[in-house]
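What follows is a short report on a single structure.
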Amino acid sequence: MGALPLETVVGVIGAGTMGAGIAHVAAAAGHRVVVYDQDDGVAAKAIEGIGVRLDRSVERGRIDEESALVTKGNLVAGTSMDDLALCGLVIEAIIEDLDIKRIVLGGIEEIVSPHAILATNTSSLSVTAIAAELQRPERCIGMHFFNPAPVMRLVEIVHGAVTDPDVASSVFETAEAWGKTAVHTKSTPGFIVNRVARPYYGEALRLLSEGAADVVTLDAVYTECGAWRMGPFTLLDLIGLDVNLDVSKSVYARTFNDPRFAPSYVQQSLVDAGHLGRKSGQGFYEYGPDTVEPEPTTAPDHGLDKEVVVHGDPGALGALVDRWSMRGISVTHVAGDGLISVGDIQLRLTDGRSATRLVSEGVAPPNTAVMDWVHDWNTTSRACIAAASTCSRSSLGTLVGALQAAGFRVTVIEDSPGLVVARTLATLASVAGDTVLHGIASVDAIDTAMRLGTNYPSGPLQWAARVGYGRVVDVLDHLVEAYGEERYRASLWLRRAAQGERPVGKGST
Ligand code: NAI
């Protein structure tokens with residue numbers, strides 16, 4: 001089944017932030033759109049607002065005057081629900097309340113043709129439950145747009161338990177025809193984006209509560225080593241700590257308290273204090289007019305005063321060796337088991353064990369440091385390392401100097417298992433892996449959704465594949481040993497992928 005034809009009249013019910021954005025998108029694609037809101041004048045105001053945005057786009061040369069006029073001409077404000085009677089697709093974007101959504105969609109079903117599709121823009125409710133009391137639940141589906149809808153490319157097409165696959169494919173094609181990138185997902189807590197993204201906040205909050213580093217330093221490691229566009233604490237402040245906590249609590253409760261999704265006391269206590277982020281002037285950061293932007297902790301300059309020696313095949317650290325070579329720093333190669341030494345300190349890429357644990361297990365000498373993973377060795381500007389409790393300060397200084405000579409700013413954090421990027425990527429990949437394993441969404445759908453819905457530099461499974469699934473599983477297994485918590489369990493999908501049992505890149509949806 002293809003996209004709905006342009007003659008299909010689209011209804012949007014609820015003309016708030018999302019409804020207005022969705023109406024804009026559908027009208028710009030060429031549909032006649034009837035917008036209805038229960039509050040008098042709100043639909044007309046939303047259409048006026050769309051007109052203002054269209055005029056601004058014309059002024060900025062983003063669209064021509066003609067298409068702005070056509071889009072405006074496609075928008076009509078309804079004055080009662082009956083005005084939606086001729087719609088072939090109705091998208092509701094009203095208050096996030098299951099009972100009210102059920103009543104409203106039930107009312108619409110009485111008015112429209114039996115062939116009409118009823119879509120919900122719910123962000124956290126079960127599409128299956130919303131559809132359950134309809135006469136034709138198979139014609140109900142989730143169309144989850146992201147805010148602001150005219151700008152954000154992603155739309156999650158959320159299948160309820162009984163959604164007709166033809167309805168799903170038609171709505172998928174329609175979203176694509178509207179210029180969006182659509183992904184299929186089953187209706188489960190958080191769908192794809194709001195479920196898979198939880199560890200991004202969860203691990204950052206845990207590292208903060210354990211005193212691994214301060215907020216600004218952790219944000220810098222996420223953005224500079226991990227290449228995430230926005231650090232988790234900056235992002236939480238932007239979203240609103242309360243809004244984000246509600247999503248976390250909802251996913252946690254609806255997954256029957258899966259420890260992976262456990263909300264954070266740190267966040268709860270800030271919400272209790274009314275520190276909600278930008279909107280309240282204070283969250284993890286302060287937003288007063290005189291506030292000085294805080295700086296991440298960065299090690300002072302320390303010249304390179306010892307020889308860099310590569311023992312055997314350094315594996316992923318080979319890219320670091322290349323950075324030294326490119327800067328004319330001589331590197332000596334000797335036989336060994338894949339590590340780097342500078343003077344009397346050894347450096348290893350984290351495998352989920354802290355440096356101190358490597359020493360205490362007899363795997364590494366007292367002067368040992370571990371380094372966090374990075375998204376792209378060629379462009380990363382910061383290195384995040386941690387030293388064993390037995391490591392001497394002067395040896396650590398030598399290593400800092402060597403990393404600075406490779407062009408890194410260096411951040412030394414507390415010796416936390418799996419440091420920052422590695423443990424966050426591993427936990428994201430594990431949740432993503434289970435999402436594939438349980439047939440909720442495909443590998444491609446998840447990676448696309450995370451890149452477009454949350455601006456991740458790579459999809460978590462694509463990134464895990466690049467690093468090597470086996471290494472990701474190692475990090476998770478070591479985190480389980482360190483914490484004794486199921487929170488870090490490795491998805492069976494990841495284990496199978498690591499053993500090459502399952503073709504990578506294929507999902508079941
Ligand atoms: P909003 O509060 O800006 O707008 C909701 C509108 O619905 C209001 O104008 C209200 O008058 C109207 N409304 C409420 N009950 C109604 C009814 N019974 N009949 C007709 N109109 C009714 O809310 P927002 O943010 O646009 O959210 C709408 C839906 O979209 C919610 O389900 C929300 O979870 C979801 N969503 C929100 C996102 C966001 O970032 N704000 C992102 C993705 C989904």
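Going by the structure tokens order, chains are called A, B, ..., each with residues numbered from 1, while ligands are numbered from 1 in the order shown.
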Discussion item. I need the strand (DSSP E or B) residues of stretch 39-107 of chain A per DSSP on the backbone, written as an NGL selection string.
Written reply: :A and (75-77 or 87-92)
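Excluding stretch 334-340 of chain A itself and same-chain residues fewer than 5 positions from it, the residues having an atom within 6 Å of it are Val309, Val310, His311, Gly312, Asp313, Pro314, Gln346, Leu347 and Arg348 of chain A, counting only C-alpha atoms.
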Worksheet entry | Residue among A:Leu69, A:Ala27, A:Ala319, A:Ile100 lying closest to ligand 1, counting only C-alpha atoms and all ligand atoms | A:Ile100
Worksheet item: How would you write, as a ChimeraX atom specification, the set of residues no farther than 6 Å from ligand 1 when counting only C-alpha atoms and all ligand atoms?
Response: /A:13-19,37-39,93-96,104,121-123,145-147
Response to the item:
Closest of A:Ala23, A:Leu118, A:Val400, A:Val467 to A:Gly315, counting only C-alpha atoms, is A:Val467
Worksheet item: Nearest to A:Leu235: which of A:Val271, A:Arg278, A:Asp97, A:Pro150 is it, counting only C-alpha atoms?
Response: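 Of A:Val271, A:Arg278, A:Asp97, A:Pro150, the one nearest A:Leu235 is A:Arg278, counting only C-alpha atoms.
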Item to complete: Tell me, in Å to one decimal, how far atom CA of A:Asp415 is from atom CA of A:Ala369.
Response: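 Separating atom CA of A:Asp415 from atom CA of A:Ala369 is a distance of 8.7 Å.
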Discussion item. Report, in Å with one decimal, the straight-line distance from atom CA of A:Gly303 to atom CA of A:Gly407.
Written reply: 12.0 Å
Discussion item. Going by DSSP on the backbone, which residues of stretch 97-197 of chain A come out as alpha helix (DSSP H)? List them as a PyMOL selection string.
Written reply: chain A and resi 98-111+127-131+165-177+193-196
Restricting the output to C-alpha atoms, write the selected residues as a JSON list (two decimals), in the first residue's frame.
[["chain", "number", "residue", "atom", "x", "y", "z"],
["A", 98, "LEU", "CA", -5.32, 7.51, 28.18],
["A", 99, "ASP", "CA", -8.99, 7.88, 29.11],
["A", 100, "ILE", "CA", -9.37, 11.21, 27.31],
["A", 101, "LYS", "CA", -7.58, 9.94, 24.19],
["A", 102, "ARG", "CA", -9.86, 6.88, 24.16],
["A", 103, "ILE", "CA", -12.99, 9.02, 24.45],
["A", 104, "VAL", "CA", -11.85, 11.51, 21.78],
["A", 105, "LEU", "CA", -10.80, 8.85, 19.25],
["A", 106, "GLY", "CA", -14.01, 6.91, 19.97],
["A", 107, "GLY", "CA", -15.98, 10.08, 19.17],
["A", 108, "ILE", "CA", -14.06, 10.63, 15.93],
["A", 109, "GLU", "CA", -14.62, 7.03, 14.88],
["A", 110, "GLU", "CA", -18.39, 7.69, 14.99],
["A", 111, "ILE", "CA", -18.03, 10.61, 12.59],
["A", 127, "VAL", "CA", -1.10, 2.54, 21.34],
["A", 128, "THR", "CA", -2.63, -0.88, 21.93],
["A", 129, "ALA", "CA", -4.47, 0.46, 24.98],
["A", 130, "ILE", "CA", -5.57, 3.65, 23.19],
["A", 131, "ALA", "CA", -7.03, 1.53, 20.37],
["A", 165, "PRO", "CA", -0.13, -3.98, 8.52],
["A", 166, "ASP", "CA", -1.64, -2.23, 5.46],
["A", 167, "VAL", "CA", -2.58, 0.73, 7.66],
["A", 168, "ALA", "CA", 0.97, 0.76, 9.04],
["A", 169, "SER", "CA", 2.59, 0.68, 5.62],
["A", 170, "SER", "CA", 0.25, 3.36, 4.29],
["A", 171, "VAL", "CA", 0.99, 5.68, 7.24],
["A", 172, "PHE", "CA", 4.72, 4.94, 6.90],
["A", 173, "GLU", "CA", 4.66, 5.89, 3.20],
["A", 174, "THR", "CA", 2.57, 8.95, 3.97],
["A", 175, "ALA", "CA", 5.08, 10.22, 6.54],
["A", 176, "GLU", "CA", 7.86, 9.67, 4.00],
["A", 177, "ALA", "CA", 5.85, 11.53, 1.34],
["A", 193, "VAL", "CA", 13.85, 6.74, 21.00],
["A", 194, "ASN", "CA", 12.48, 7.29, 24.49],
["A", 195, "ARG", "CA", 13.44, 3.74, 25.46],
["A", 196, "VAL", "CA", 16.87, 3.30, 23.90]]
Discussion item. I'd like the contact shell of A:Gln282 - 8 Å cut-off, only C-alpha atoms, skipping same-chain residues fewer than 6 positions apart - returned as an NGL selection string.
Written reply: :A and (237 or 275-276)
Discussion item. So that I can see what lies close to A:Arg495, please list as a list of chain:residue names the residues with an atom at most 10 Å from it, counting only C-alpha atoms and leaving out residues fewer than 3 positions away in the same chain.
Written reply: A:Ser430, A:Gly433, A:Tyr469, A:Gly470, A:Val472, A:Val473, A:Asp474, A:Ala490, A:Ser491, A:Leu492, A:Ala498, A:Gln499, A:Gly500, A:Glu501, A:Arg502
Fill in: A:Ala402 environment, 9 Å, only C-alpha atoms, sequence neighbours closer than 2 positions dropped, as an NGL selection string
:A and (302-308 or 324 or 342 or 397-400 or 404-406)
Worksheet entry | Residue neighbourhood A:Gly277, 8 Å, only C-alpha atoms, exclusion window fewer than 2 positions, as a ChimeraX atom specification | /A:236-241,275,279-285
Any chance you could tabulate, as a tab-separated table, the residues of stretch 348-395 of chain A at most 7 Å from stretch 209-227 of chain A with each one's nearest atom pair and distance in Å to one decimal, using only C-alpha atoms, in chain and rising number order?
residue	atom	partner	partner_atom	distance
A:Val374	CA	A:Cys225	CA	4.7
A:His375	CA	A:Gly226	CA	4.9
A:Thr380	CA	A:Cys225	CA	5.7
A:Ser381	CA	A:Glu224	CA	6.0
A:Arg382	CA	A:Cys225	CA	5.7
A:Ala383	CA	A:Cys225	CA	6.5
A:Cys384	CA	A:Val221	CA	6.7
Discussion item. So that I can see what lies close to A:Ala77, please list as a VMD selection string the residues with an atom at most 9 Å from it, counting only C-alpha atoms and leaving out residues fewer than 4 positions away in the same chain.
Written reply: chain A and resid 33 to 37 41 to 47 83
Let me see the file: selected residues, N, CA, C and O atoms, as a CSV table (one decimal), in the first residue's frame.
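Output contents, as saved in again-v2.csv:
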chain,number,residue,atom,x,y,z
A,33,VAL,N,-6.0,20.4,5.4
A,33,VAL,CA,-5.9,19.9,6.8
A,33,VAL,C,-7.0,20.7,7.6
A,33,VAL,O,-7.0,21.9,7.6
A,34,VAL,N,-7.8,19.9,8.3
A,34,VAL,CA,-8.7,20.5,9.2
A,34,VAL,C,-8.2,20.4,10.7
A,34,VAL,O,-7.8,19.3,11.1
A,35,VAL,N,-8.0,21.6,11.3
A,35,VAL,CA,-7.4,21.6,12.6
A,35,VAL,C,-8.6,21.9,13.6
A,35,VAL,O,-9.3,22.9,13.5
A,36,TYR,N,-8.7,21.1,14.7
A,36,TYR,CA,-9.7,21.3,15.7
A,36,TYR,C,-9.1,21.2,17.1
A,36,TYR,O,-8.3,20.4,17.4
A,37,ASP,N,-9.6,22.2,17.9
A,37,ASP,CA,-9.2,22.1,19.3
A,37,ASP,C,-10.4,22.4,20.2
A,37,ASP,O,-11.3,23.1,19.8
A,41,GLY,N,-11.1,29.2,19.4
A,41,GLY,CA,-10.1,30.1,18.9
A,41,GLY,C,-8.7,29.5,18.9
A,41,GLY,O,-7.8,30.1,18.2
A,42,VAL,N,-8.4,28.4,19.5
A,42,VAL,CA,-7.0,27.9,19.6
A,42,VAL,C,-6.6,27.4,18.2
A,42,VAL,O,-5.5,27.6,17.8
A,43,ALA,N,-7.5,26.7,17.5
A,43,ALA,CA,-7.2,26.2,16.2
A,43,ALA,C,-6.8,27.3,15.2
A,43,ALA,O,-5.8,27.3,14.5
A,44,ALA,N,-7.7,28.4,15.2
A,44,ALA,CA,-7.4,29.5,14.4
A,44,ALA,C,-6.1,30.2,14.7
A,44,ALA,O,-5.3,30.6,13.8
A,45,LYS,N,-5.8,30.3,16.0
A,45,LYS,CA,-4.6,30.9,16.4
A,45,LYS,C,-3.4,30.0,16.0
A,45,LYS,O,-2.3,30.6,15.6
A,46,ALA,N,-3.5,28.7,16.1
A,46,ALA,CA,-2.4,27.8,15.6
A,46,ALA,C,-2.2,28.0,14.1
A,46,ALA,O,-1.0,28.1,13.7
A,47,ILE,N,-3.2,28.2,13.3
A,47,ILE,CA,-3.1,28.4,11.9
A,47,ILE,C,-2.4,29.7,11.6
A,47,ILE,O,-1.5,29.9,10.8
A,83,ASP,N,-16.5,18.7,11.9
A,83,ASP,CA,-15.8,19.2,10.8
A,83,ASP,C,-14.7,18.2,10.3
A,83,ASP,O,-14.1,18.4,9.3
